[in-house]
$ cat my_file12.txt   # compact mmCIF, C-alpha atoms
# COMPACT_ATOMS: atom_id res chain seq x y z
CA MET A 1 98.48 -14.53 -35.12
CA THR A 2 96.66 -15.46 -31.93
CA SER A 3 92.89 -15.56 -32.23
CA PRO A 4 91.05 -13.04 -30.01
CA PHE A 5 88.72 -15.87 -29.08
CA ALA A 6 91.51 -18.13 -27.86
CA GLY A 7 90.70 -19.42 -24.42
CA LEU A 8 87.11 -18.22 -24.59
CA GLY A 9 85.73 -21.75 -24.46
CA ALA A 10 87.82 -22.59 -21.39
CA ALA A 11 86.73 -19.39 -19.66
CA VAL A 12 83.08 -20.14 -20.35
CA ASP A 13 83.45 -23.70 -19.08
CA ARG A 14 85.21 -22.44 -15.96
CA GLY A 15 82.47 -19.89 -15.32
CA ILE A 16 79.74 -22.48 -15.75
CA ALA A 17 81.55 -24.88 -13.41
CA GLN A 18 81.95 -22.21 -10.75
CA GLY A 19 78.30 -21.20 -11.08
CA LEU A 20 77.09 -24.79 -10.74
CA ALA A 21 79.35 -25.34 -7.75
CA LYS A 22 77.93 -22.27 -6.04
CA VAL A 23 74.30 -23.16 -6.80
CA THR A 24 74.59 -26.80 -5.75
CA GLY A 25 77.17 -26.57 -2.98
CA SER A 26 75.96 -23.64 -0.88
CA VAL A 27 72.88 -21.85 0.35
CA LEU A 28 72.67 -18.42 -1.26
CA GLY A 29 71.63 -15.53 0.95
CA PRO A 30 71.20 -17.30 4.32
CA TYR A 31 70.96 -13.98 6.16
CA GLN A 32 68.60 -12.50 3.59
CA VAL A 33 66.17 -15.42 3.73
CA ALA A 34 66.35 -15.37 7.52
CA ILE A 35 65.32 -11.71 7.70
CA VAL A 36 62.55 -12.39 5.17
CA ARG A 37 61.36 -15.29 7.34
CA ILE A 38 61.38 -13.17 10.47
CA GLY A 39 59.76 -10.21 8.73
CA PHE A 40 56.81 -12.09 7.28
CA ALA A 41 56.25 -14.21 10.36
CA LEU A 42 56.19 -11.05 12.49
CA THR A 43 53.90 -9.24 10.03
CA TRP A 44 51.35 -12.05 9.95
CA LEU A 45 51.54 -12.58 13.71
CA LEU A 46 50.88 -8.90 14.42
CA PHE A 47 47.97 -8.94 11.99
CA LEU A 48 46.41 -12.01 13.63
CA LEU A 49 46.78 -10.51 17.10
CA ARG A 50 45.48 -7.09 16.03
CA GLU A 51 42.40 -8.62 14.41
CA PHE A 52 41.82 -11.22 17.12
CA PRO A 53 38.69 -9.48 18.46
CA HIS A 54 37.30 -9.30 14.90
CA ARG A 55 38.52 -12.68 13.64
CA SER A 56 35.04 -14.17 13.31
CA GLU A 57 33.77 -11.24 11.22
CA LEU A 58 36.83 -11.39 8.96
CA TYR A 59 37.29 -15.08 8.36
CA GLY A 60 34.88 -16.98 10.57
CA PRO A 61 31.20 -17.88 10.83
CA ASP A 62 30.15 -14.23 11.17
CA SER A 63 31.88 -13.07 7.99
CA PRO A 64 29.77 -11.20 5.39
CA TRP A 65 31.37 -13.56 2.89
CA SER A 66 29.34 -16.53 4.05
CA PHE A 67 30.46 -20.14 4.22
CA ASP A 68 28.22 -21.04 1.25
CA LEU A 69 29.70 -18.29 -0.92
CA ALA A 70 33.24 -19.30 0.04
CA GLU A 71 32.45 -22.95 -0.67
CA ARG A 72 31.12 -22.11 -4.13
CA LEU A 73 34.14 -19.96 -4.96
CA ILE A 74 36.62 -22.60 -3.79
CA ALA A 75 34.81 -25.22 -5.87
CA GLY A 76 35.54 -23.09 -8.92
CA ASN A 77 39.11 -21.89 -8.35
CA HIS A 78 40.38 -24.93 -6.34
CA ALA A 79 42.25 -22.69 -3.89
CA PHE A 80 43.38 -24.23 -0.61
CA THR A 81 41.69 -23.38 2.67
CA ALA A 82 41.14 -25.65 5.63
CA LEU A 83 38.31 -23.41 6.82
CA ILE A 84 36.07 -24.70 4.05
CA TRP A 85 36.24 -28.20 5.51
CA SER A 86 33.71 -27.32 8.20
CA ASP A 87 31.58 -24.36 9.26
CA ASN A 88 31.92 -25.29 12.93
CA ARG A 89 33.14 -22.41 15.14
CA GLY A 90 35.45 -24.72 17.05
CA TRP A 91 37.21 -25.72 13.82
CA PHE A 92 37.66 -22.07 12.90
CA GLU A 93 39.17 -21.28 16.30
CA LEU A 94 41.56 -24.22 15.96
CA VAL A 95 42.78 -23.08 12.54
CA TYR A 96 43.23 -19.52 13.80
CA ALA A 97 45.19 -20.79 16.80
CA VAL A 98 47.42 -22.93 14.55
CA ALA A 99 48.08 -19.85 12.41
CA ILE A 100 49.24 -17.91 15.49
CA VAL A 101 51.39 -20.72 16.87
CA SER A 102 53.03 -21.44 13.52
CA SER A 103 53.85 -17.73 13.11
CA VAL A 104 55.64 -17.76 16.47
CA MET A 105 57.49 -20.96 15.54
CA LEU A 106 58.63 -19.50 12.23
CA LEU A 107 59.56 -16.19 13.85
CA VAL A 108 61.99 -17.78 16.31
CA GLY A 109 63.04 -20.52 13.88
CA TRP A 110 62.02 -23.53 15.95
CA ARG A 111 61.23 -26.64 13.89
CA THR A 112 61.55 -24.41 10.87
CA ARG A 113 60.47 -26.94 8.25
CA THR A 114 57.29 -27.82 10.12
CA ALA A 115 56.68 -24.18 10.96
CA SER A 116 56.99 -23.07 7.33
CA VAL A 117 54.41 -25.63 6.19
CA LEU A 118 51.98 -24.77 8.99
CA PHE A 119 52.54 -21.06 8.34
CA MET A 120 51.62 -21.52 4.70
CA ILE A 121 48.52 -23.53 5.63
CA GLY A 122 47.43 -20.84 8.10
CA VAL A 123 47.92 -17.98 5.66
CA LEU A 124 46.16 -19.70 2.77
CA SER A 125 43.33 -21.00 4.95
CA LEU A 126 42.41 -17.58 6.31
CA GLN A 127 42.99 -15.49 3.21
CA ASN A 128 41.25 -17.88 0.81
CA ARG A 129 38.27 -18.17 3.15
CA SER A 130 37.41 -14.48 2.70
CA VAL A 131 39.11 -13.30 -0.47
CA PHE A 132 37.75 -9.75 -0.33
CA MET A 133 39.22 -8.93 3.08
CA GLY A 134 42.80 -8.45 1.93
CA ASP A 135 44.93 -5.78 0.31
CA GLY A 136 48.29 -5.58 -1.41
CA GLY A 137 50.17 -6.51 1.75
CA ASP A 138 48.07 -9.64 2.19
CA ASN A 139 48.86 -10.67 -1.38
CA VAL A 140 52.58 -10.39 -0.69
CA VAL A 141 52.27 -12.44 2.51
CA HIS A 142 50.24 -14.99 0.56
CA LEU A 143 52.99 -15.48 -2.03
CA MET A 144 55.91 -15.41 0.38
CA ALA A 145 54.26 -18.00 2.63
CA ILE A 146 54.43 -20.42 -0.29
CA TYR A 147 57.97 -19.50 -1.32
CA LEU A 148 59.39 -19.87 2.20
CA VAL A 149 58.41 -23.55 2.26
CA PHE A 150 61.04 -24.19 -0.43
CA THR A 151 63.84 -22.28 1.31
CA ARG A 152 66.29 -23.27 4.01
CA CYS A 153 65.32 -20.26 6.06
CA GLY A 154 66.59 -21.57 9.42
CA LYS A 155 70.28 -21.53 8.54
CA VAL A 156 70.96 -18.48 10.71
CA TRP A 157 69.13 -16.50 13.39
CA SER A 158 67.03 -19.43 14.55
CA VAL A 159 66.58 -21.70 17.54
CA ASP A 160 67.35 -24.61 15.23
CA ARG A 161 70.71 -23.07 14.35
CA ARG A 162 71.68 -22.70 18.00
CA LEU A 163 70.62 -26.24 18.81
CA ALA A 164 72.64 -27.53 15.85
CA ASP A 165 75.74 -25.62 16.95
CA ARG A 166 75.48 -26.98 20.47
CA ALA A 167 75.00 -30.54 19.23
CA ALA A 168 78.01 -30.18 16.92
CA ALA A 169 80.11 -28.82 19.77
CA ARG A 170 79.15 -31.76 21.99
CA ALA A 171 80.04 -34.20 19.21
CA ALA A 172 83.43 -32.52 18.71
CA ALA A 173 84.10 -32.72 22.46
CA GLU A 174 83.49 -36.50 22.46
CA PRO A 175 85.82 -37.92 19.77
CA GLU A 176 85.57 -41.39 21.27
CA ILE A 177 81.96 -41.74 20.10
CA SER A 178 81.64 -44.27 17.30
CA ALA A 179 80.38 -43.28 13.88
CA ASP A 180 77.31 -45.50 14.31
CA LEU A 181 76.38 -43.85 17.58
CA ALA A 182 76.88 -40.38 16.10
CA THR A 183 74.64 -41.30 13.17
CA ALA A 184 71.99 -42.67 15.53
CA ARG A 185 72.04 -39.47 17.54
CA ALA A 186 71.81 -37.38 14.40
CA GLY A 187 68.77 -39.27 13.14
CA SER A 188 66.86 -39.48 16.39
CA ASP A 189 64.50 -36.63 17.04
CA PRO A 190 61.27 -37.73 18.75
CA VAL A 191 59.73 -34.25 18.80
CA GLY A 192 60.33 -33.67 15.10
CA VAL A 193 59.14 -37.17 14.19
CA GLY A 194 56.06 -36.68 16.35
CA LEU A 195 55.19 -33.42 14.62
CA TRP A 196 55.43 -34.96 11.18
CA VAL A 197 53.46 -38.04 12.24
CA LEU A 198 50.72 -35.69 13.43
CA LEU A 199 50.77 -33.84 10.11
CA ALA A 200 50.72 -37.14 8.23
CA ALA A 201 47.67 -38.29 10.21
CA ALA A 202 45.89 -35.01 9.45
CA LEU A 203 46.75 -35.36 5.76
CA VAL A 204 45.46 -38.95 5.67
CA LEU A 205 42.22 -37.84 7.30
CA ALA A 206 41.76 -34.89 4.92
CA THR A 207 42.47 -37.09 1.92
CA SER A 208 40.11 -39.86 3.00
CA MET A 209 37.33 -37.31 3.55
CA GLY A 210 37.88 -35.78 0.10
CA LYS A 211 38.71 -32.31 1.44
CA LEU A 212 41.66 -31.64 -0.87
CA SER A 213 41.70 -30.77 -4.54
CA THR A 214 43.86 -32.90 -6.79
CA GLU A 215 46.58 -30.25 -7.07
CA TRP A 216 46.93 -29.75 -3.34
CA LYS A 217 46.65 -33.46 -2.63
CA VAL A 218 49.62 -34.16 -4.91
CA ALA A 219 51.65 -31.23 -3.54
CA LEU A 220 51.13 -32.04 0.15
CA TRP A 221 51.69 -35.78 -0.25
CA ALA A 222 54.83 -35.16 -2.31
CA GLY A 223 56.18 -32.86 0.40
CA LEU A 224 55.43 -35.40 3.12
CA LEU A 225 57.03 -38.29 1.23
CA LEU A 226 60.13 -36.22 0.47
CA GLN A 227 60.48 -35.37 4.14
CA MET A 228 60.18 -39.06 5.04
CA LEU A 229 62.83 -39.88 2.46
CA TRP A 230 65.13 -37.22 3.88
CA TRP A 231 64.75 -38.57 7.41
CA ALA A 232 65.37 -42.17 6.27
CA VAL A 233 68.50 -41.22 4.32
CA ARG A 234 69.82 -39.15 7.20
CA ARG A 235 69.12 -41.95 9.66
CA TYR A 236 70.34 -44.96 7.70
CA ALA A 237 72.42 -43.73 4.73
CA PRO A 238 74.34 -40.57 5.75
CA GLY A 239 76.96 -40.87 3.02
CA GLU A 240 76.55 -40.18 -0.68
CA PRO A 241 72.71 -40.43 -0.70
CA ARG A 242 72.55 -37.65 1.87
CA SER A 243 74.98 -35.53 -0.11
CA VAL A 244 72.81 -35.90 -3.19
CA LEU A 245 69.68 -34.86 -1.30
CA ASP A 246 71.57 -31.95 0.22
CA ILE A 247 72.54 -30.75 -3.26
CA MET A 248 68.90 -31.01 -4.32
CA ALA A 249 67.87 -29.00 -1.26
CA ASN A 250 70.41 -26.30 -2.12
CA VAL A 251 69.17 -26.09 -5.70
CA ILE A 252 65.54 -25.82 -4.57
CA HIS A 253 66.43 -23.15 -2.00
CA ASN A 254 68.45 -21.11 -4.48
CA GLY A 255 65.68 -21.38 -7.05
CA ALA A 256 63.15 -20.17 -4.48
CA MET A 257 65.40 -17.23 -3.61
CA LEU A 258 65.58 -16.30 -7.28
CA VAL A 259 61.78 -16.42 -7.46
CA ILE A 260 61.51 -14.13 -4.41
CA VAL A 261 63.94 -11.62 -5.95
CA VAL A 262 62.07 -11.64 -9.26
CA GLU A 263 58.72 -11.33 -7.48
CA VAL A 264 59.80 -8.22 -5.60
CA CYS A 265 61.19 -6.68 -8.79
CA LEU A 266 57.91 -7.40 -10.60
CA ILE A 267 55.90 -5.82 -7.80
CA TYR A 268 57.82 -2.56 -8.05
CA SER A 269 58.21 -2.47 -11.81
CA THR A 270 54.52 -3.11 -12.52
CA ALA A 271 53.46 -0.64 -9.83
CA GLY A 272 55.78 2.01 -11.23
CA TRP A 273 54.80 1.54 -14.87
CA TYR A 274 51.08 1.58 -14.06
CA LYS A 275 51.59 4.80 -12.10
CA ILE A 276 53.23 6.41 -15.12
CA GLN A 277 50.01 5.87 -17.07
CA GLY A 278 47.89 7.70 -14.48
CA SER A 279 47.15 11.38 -15.05
CA ARG A 280 47.43 12.24 -11.35
CA TRP A 281 50.87 10.68 -11.18
CA GLU A 282 51.88 12.50 -14.33
CA ASP A 283 50.94 15.92 -12.97
CA GLY A 284 52.48 15.19 -9.54
CA THR A 285 49.28 15.40 -7.45
CA ALA A 286 48.53 11.70 -6.77
CA LEU A 287 49.59 11.87 -3.11
CA TYR A 288 47.23 14.76 -2.43
CA TYR A 289 44.02 12.73 -2.71
CA PRO A 290 44.57 9.85 -0.23
CA LEU A 291 45.69 12.44 2.34
CA HIS A 292 42.08 13.72 2.36
CA LEU A 293 40.38 10.33 2.70
CA ASP A 294 39.07 9.57 6.19
CA ASP A 295 40.10 5.90 5.92
CA PHE A 296 43.74 6.88 5.31
CA THR A 297 44.22 9.74 7.74
CA PRO A 298 44.97 8.35 11.21
CA TRP A 299 46.67 11.67 11.99
CA PRO A 300 44.49 14.31 10.29
CA SER A 301 46.67 17.24 11.26
CA LEU A 302 49.77 15.57 9.85
CA SER A 303 48.00 14.51 6.64
CA HIS A 304 46.51 17.96 6.03
CA ALA A 305 49.83 19.69 6.73
CA LEU A 306 51.57 17.43 4.20
CA ALA A 307 48.79 17.87 1.64
CA GLY A 308 49.04 21.63 2.03
CA ASN A 309 52.67 21.63 0.91
CA SER A 310 52.37 21.34 -2.87
CA LEU A 311 56.13 21.10 -3.40
CA MET A 312 56.42 18.16 -1.00
CA VAL A 313 53.43 16.43 -2.60
CA MET A 314 55.00 16.77 -6.04
CA LEU A 315 58.44 15.56 -4.92
CA ILE A 316 57.04 12.50 -3.13
CA THR A 317 54.73 11.65 -6.04
CA TYR A 318 57.44 11.83 -8.68
CA GLY A 319 60.03 10.28 -6.36
CA THR A 320 57.81 7.25 -5.77
CA VAL A 321 57.43 6.60 -9.48
CA ILE A 322 61.13 7.09 -10.20
CA VAL A 323 62.26 4.76 -7.41
CA GLN A 324 59.82 2.00 -8.31
CA VAL A 325 60.59 2.06 -12.02
CA ALA A 326 64.35 2.37 -11.58
CA PHE A 327 64.93 -0.14 -8.77
CA PRO A 328 65.00 -3.39 -10.82
CA PHE A 329 67.60 -1.82 -13.14
CA THR A 330 69.97 -0.97 -10.27
CA LEU A 331 70.49 -4.50 -8.92
CA PHE A 332 73.90 -4.77 -10.58
CA ASN A 333 75.17 -1.56 -8.95
CA ARG A 334 75.22 -2.12 -5.21
CA LYS A 335 75.71 1.48 -4.17
CA VAL A 336 72.80 2.81 -6.21
CA LYS A 337 70.66 -0.18 -5.31
CA ASN A 338 71.26 0.30 -1.59
CA VAL A 339 70.34 3.98 -1.81
CA LEU A 340 67.06 3.20 -3.59
CA LEU A 341 66.39 0.31 -1.21
CA GLY A 342 66.73 2.63 1.76
CA ALA A 343 64.42 5.12 0.04
CA MET A 344 61.77 2.44 -0.54
CA MET A 345 61.92 1.21 3.05
CA LEU A 346 61.64 4.77 4.30
CA GLU A 347 58.68 5.29 1.98
CA HIS A 348 56.88 2.23 3.37
CA ALA A 349 57.60 3.32 6.93
CA SER A 350 56.07 6.69 6.07
CA ILE A 351 53.01 4.98 4.56
CA ALA A 352 52.54 3.05 7.81
CA ILE A 353 52.47 6.29 9.80
CA VAL A 354 50.83 8.80 7.46
CA LEU A 355 48.29 6.56 5.72
CA GLY A 356 47.72 4.13 8.58
CA LEU A 357 48.74 0.96 6.71
CA PRO A 358 51.21 -0.74 9.07
CA ILE A 359 50.64 -4.34 7.96
CA PHE A 360 51.03 -3.50 4.28
CA SER A 361 54.19 -1.52 5.05
CA LEU A 362 55.70 -4.27 7.18
CA ALA A 363 55.02 -6.83 4.46
CA MET A 364 56.74 -4.70 1.83
CA ILE A 365 59.71 -3.93 4.08
CA ALA A 366 60.06 -7.66 4.77
CA ALA A 367 60.04 -8.34 1.02
CA ASP A 368 62.59 -5.57 0.41
CA SER A 369 64.90 -7.16 2.98
CA VAL A 370 65.93 -9.84 0.50
CA PHE A 371 68.18 -7.18 -1.09
CA LEU A 372 69.91 -6.04 2.12
CA PRO A 373 73.71 -6.45 2.15
CA THR A 374 75.09 -9.38 4.14
CA ASN A 375 77.58 -7.23 6.06
CA PHE A 376 74.77 -4.97 7.24
CA LEU A 377 72.64 -7.95 8.28
CA ARG A 378 75.53 -9.46 10.24
CA TRP A 379 76.12 -6.14 11.97
CA LEU A 380 72.41 -5.88 12.74
CA GLY A 381 72.33 -9.42 14.09
CA GLN A 382 75.23 -8.70 16.42
CA ARG A 383 73.55 -5.57 17.75
CA VAL A 384 70.26 -7.37 18.34
CA ALA A 385 72.07 -10.25 20.06
CA ARG A 386 73.79 -7.81 22.41
CA LEU A 387 70.52 -6.04 23.07
CA LEU A 388 68.84 -9.33 23.96
CA HIS A 389 71.91 -10.50 25.91
CA LEU A 390 72.27 -13.58 23.71
CA THR A 391 75.61 -15.34 23.89
CA PRO A 392 76.96 -16.96 20.73
CA ALA A 393 76.19 -20.65 20.54
CA PRO A 394 79.29 -22.88 20.67
CA ARG A 395 80.62 -23.90 17.28
CA ALA A 396 82.12 -27.22 16.38
CA ALA A 397 85.85 -27.34 15.72
CA VAL A 398 85.34 -29.53 12.66
CA ALA A 399 83.10 -29.12 9.65
CA ILE A 400 80.09 -31.38 9.62
CA PRO A 401 78.30 -32.15 6.35
CA GLY A 402 75.41 -29.78 5.70
CA SER A 403 71.86 -30.94 6.13
CA ARG A 404 68.35 -29.84 5.52
CA GLN A 405 66.21 -27.75 7.85
CA ALA A 406 66.25 -28.33 11.55
CA GLY A 407 63.66 -30.38 13.37
CA ASP A 408 60.72 -31.76 11.50
CA GLY A 409 61.79 -35.37 11.75
CA VAL A 410 65.49 -34.57 11.79
CA PRO A 411 67.59 -32.83 14.42
CA ALA A 412 68.71 -29.24 14.11
CA GLU A 413 70.86 -28.31 11.14
CA ASP A 414 74.47 -29.34 11.23
CA THR A 415 76.06 -27.20 8.61
CA PRO A 416 79.80 -26.52 8.76
CA ALA A 417 81.02 -24.00 11.29
CA ALA A 418 82.48 -21.87 8.51
CA GLU A 419 79.53 -21.96 6.13
CA PRO A 420 79.85 -20.26 2.75
CA VAL A 421 77.88 -17.05 2.49
CA THR A 422 76.86 -15.45 -0.78
CA ASP A 423 75.59 -11.90 -0.69
CA LEU A 424 72.37 -11.24 -2.56
CA GLY A 425 72.62 -7.57 -1.68

$ encode --input "my_file12.txt" --output "structure tokens"
Amino acid sequence: MTSPFAGLGAAVDRGIAQGLAKVTGSVLGPYQVAIVRIGFALTWLLFLLREFPHRSELYGPDSPWSFDLAERLIAGNHAFTALIWSDNRGWFELVYAVAIVSSVMLLVGWRTRTASVLFMIGVLSLQNRSVFMGDGGDNVVHLMAIYLVFTRCGKVWSVDRRLADRAAARAAAEPEISADLATARAGSDPVGVGLWVLLAAALVLATSMGKLSTEWKVALWAGLLLQMLWWAVRRYAPGEPRSVLDIMANVIHNGAMLVIVVEVCLIYSTAGWYKIQGSRWEDGTALYYPLHLDDFTPWPSLSHALAGNSLMVMLITYGTVIVQVAFPFTLFNRKVKNVLLGAMMLEHASIAIVLGLPIFSLAMIAADSVFLPTNFLRWLGQRVARLLHLTPAPRAAVAIPGSRQAGDGVPAEDTPAAEPVTDLG
């Protein structure tokens, strides 16, 4: 009699092998991480521009949270902020300007690796300088700025991607070029090298002046040395060493994507379960109270009209709790998950309008975007490209080995023309 477990071991081994091949050999969710990159870069950029007239009161020399108080707090929690290095107004303006420029770079996907690091530095520097100025949306931006550094978020919908496609097409059109010359072209990138040399000089200066805590000193130096190693391997050893580093980059990216997914699930699950414990959420009247607060009623007539409809208040209150608690449990059913995802995005859009919290809402919608289906994102990308009159960048006729992020000491990405795509949504 044949054992019911016959072949089980082989099936398990085959499943493990396929899973490892997917995790190490491809970038999971390239469209999802691209929309997350764009969403958070746009959110932070709009916040910086909106608060530009008040920047000094929020994070600068005129802040109620004085430089001395910030310095004492940072000495205790060892958080990173470049604004604590000096109380000079010129230094503050420089950091604020770098935050704006890096947001634009990350938004369009130009020199994505450099942009992601500078974006993280800008976010942490401003938010950790005045810790009491933020809200829930700022906390999400804070976390995602760190996570994006570990992702390959310029694979699609980026200037780097278009530059890589054009370079690959030129290489395919010139088959007579020797392998050595092609490798030299691939490794040469004076702008990217210059950017990283500038960052290295700044890091050396900060380290020599004792401005960094031990944790951040190790993290930033490790990142810089890894980038130097990647450039050297790409320039002088493009064979197996590069393949190994590319596998490592895929694993780090896929791990970061998993962290982002788990983070979003934790945000909603904890929010939903805490709401269940509140008496106002239990009796269905929680929405009524913020609609009567002056700070959350940009449109008083709209807020009062909604608050006056008790049935609508009850439905929205209970619906919010149900969606937040249920969402993490629906990830394995795409149809139900997509319905709840649309409901949550609509809810955040409503919060932006009714309660006057646009930055918070944009941050949450950007975080939710990690669950959007790939087919929808491709369709959306095509519509936006047509709207902006963007022509598709030429693709190479042959597959070129995948690489790390564009720019930043290496030229734009040169992934295969037919790159594998795994849907997170």

$ atom_distance --input "my_file12.txt" --atom1 "CA of Met312 (chain A)" --atom2 "CA of His348 (chain A)"
16.5 Å

$ atom_distance --input "my_file12.txt" --atom1 "CA of Thr207 (chain A)" --atom2 "CA of Trp231 (chain A)"
23.0 Å

$ atom_distance --input "my_file12.txt" --atom1 "CA of Leu220 (chain A)" --atom2 "CA of Ser125 (chain A)"
14.3 Å

$ closest_residue --input "my_file12.txt" --among "A:Val131, A:Leu340, A:Val108, A:Val193" --to "Val323 (chain A)" --atoms "all atoms listed in the file"
A:Leu340

$ closest_residue --input "my_file12.txt" --among "A:Leu205, A:Ala172, A:Ala367, A:Ala75" --to "Ala41 (chain A)" --atoms "all atoms listed in the file"
A:Ala367

$ residues_around --input "my_file12.txt" --residues "region 96-106 of chain A" --least-positions-apart "4" --cutoff "9 Å" --atoms "only C-alpha atoms" --output "number ranges by chain"
A: 37-38, 40-42, 44-45, 48-49, 55, 91-92, 110-123, 125-126, 154, 158

$ closest_residue --input "my_file12.txt" --among "A:Gly25, A:Gly137, A:Gly210, A:Pro238" --to "Val251 (chain A)" --atoms "all atoms listed in the file"
A:Gly25

$ closest_residue --input "my_file12.txt" --among "A:Thr374, A:Ser66, A:Asn139, A:Gln18" --to "Asn338 (chain A)" --atoms "all atoms listed in the file"
A:Thr374

$ residues_around --input "my_file12.txt" --residues "region 289-296 of chain A" --least-positions-apart "3" --cutoff "9 Å" --atoms "all atoms listed in the file" --output "list in words"
Thr285, Ala286, Trp299, Pro300, Ser303, His304, Leu306, Ala307, Val354, Leu355, Gly356 and Leu357 of chain A

$ decode --input "my_file12.txt" --residues "region 316-322 of chain A" --atoms "all heavy atoms" --output "JSON list (two decimals), in the first residue's frame"
[["chain", "number", "residue", "atom", "x", "y", "z"],
["A", 316, "ILE", "N", -19.70, 54.90, 9.76],
["A", 316, "ILE", "CA", -18.28, 55.19, 9.53],
["A", 316, "ILE", "C", -17.45, 54.74, 10.72],
["A", 316, "ILE", "O", -16.35, 54.19, 10.57],
["A", 316, "ILE", "CB", -18.07, 56.69, 9.25],
["A", 316, "ILE", "CG1", -18.77, 57.09, 7.94],
["A", 316, "ILE", "CG2", -16.59, 57.04, 9.20],
["A", 316, "ILE", "CD1", -18.69, 58.57, 7.64],
["A", 317, "THR", "N", -17.95, 54.96, 11.92],
["A", 317, "THR", "CA", -17.21, 54.56, 13.13],
["A", 317, "THR", "C", -17.00, 53.05, 13.17],
["A", 317, "THR", "O", -15.87, 52.56, 13.34],
["A", 317, "THR", "CB", -17.96, 55.01, 14.39],
["A", 317, "THR", "OG1", -18.10, 56.43, 14.38],
["A", 317, "THR", "CG2", -17.21, 54.59, 15.64],
["A", 318, "TYR", "N", -18.08, 52.30, 13.02],
["A", 318, "TYR", "CA", -17.96, 50.84, 13.05],
["A", 318, "TYR", "C", -17.20, 50.32, 11.83],
["A", 318, "TYR", "O", -16.42, 49.37, 11.94],
["A", 318, "TYR", "CB", -19.35, 50.20, 13.11],
["A", 318, "TYR", "CG", -20.00, 50.29, 14.47],
["A", 318, "TYR", "CD1", -21.38, 50.47, 14.59],
["A", 318, "TYR", "CD2", -19.25, 50.19, 15.64],
["A", 318, "TYR", "CE1", -21.99, 50.56, 15.84],
["A", 318, "TYR", "CE2", -19.85, 50.27, 16.89],
["A", 318, "TYR", "CZ", -21.22, 50.46, 16.97],
["A", 318, "TYR", "OH", -21.81, 50.55, 18.22],
["A", 319, "GLY", "N", -17.43, 50.94, 10.68],
["A", 319, "GLY", "CA", -16.74, 50.51, 9.47],
["A", 319, "GLY", "C", -15.24, 50.68, 9.58],
["A", 319, "GLY", "O", -14.47, 49.82, 9.11],
["A", 320, "THR", "N", -14.80, 51.76, 10.20],
["A", 320, "THR", "CA", -13.36, 51.99, 10.38],
["A", 320, "THR", "C", -12.73, 50.88, 11.22],
["A", 320, "THR", "O", -11.67, 50.34, 10.88],
["A", 320, "THR", "CB", -13.12, 53.36, 11.05],
["A", 320, "THR", "OG1", -13.64, 54.39, 10.21],
["A", 320, "THR", "CG2", -11.65, 53.58, 11.30],
["A", 321, "VAL", "N", -13.38, 50.55, 12.31],
["A", 321, "VAL", "CA", -12.85, 49.50, 13.19],
["A", 321, "VAL", "C", -12.82, 48.15, 12.47],
["A", 321, "VAL", "O", -11.82, 47.42, 12.52],
["A", 321, "VAL", "CB", -13.69, 49.39, 14.47],
["A", 321, "VAL", "CG1", -13.20, 48.23, 15.33],
["A", 321, "VAL", "CG2", -13.62, 50.69, 15.26],
["A", 322, "ILE", "N", -13.89, 47.83, 11.77],
["A", 322, "ILE", "CA", -13.97, 46.53, 11.09],
["A", 322, "ILE", "C", -12.88, 46.41, 10.03],
["A", 322, "ILE", "O", -12.20, 45.38, 9.94],
["A", 322, "ILE", "CB", -15.36, 46.35, 10.46],
["A", 322, "ILE", "CG1", -16.42, 46.22, 11.56],
["A", 322, "ILE", "CG2", -15.40, 45.14, 9.54],
["A", 322, "ILE", "CD1", -17.85, 46.23, 11.05]]
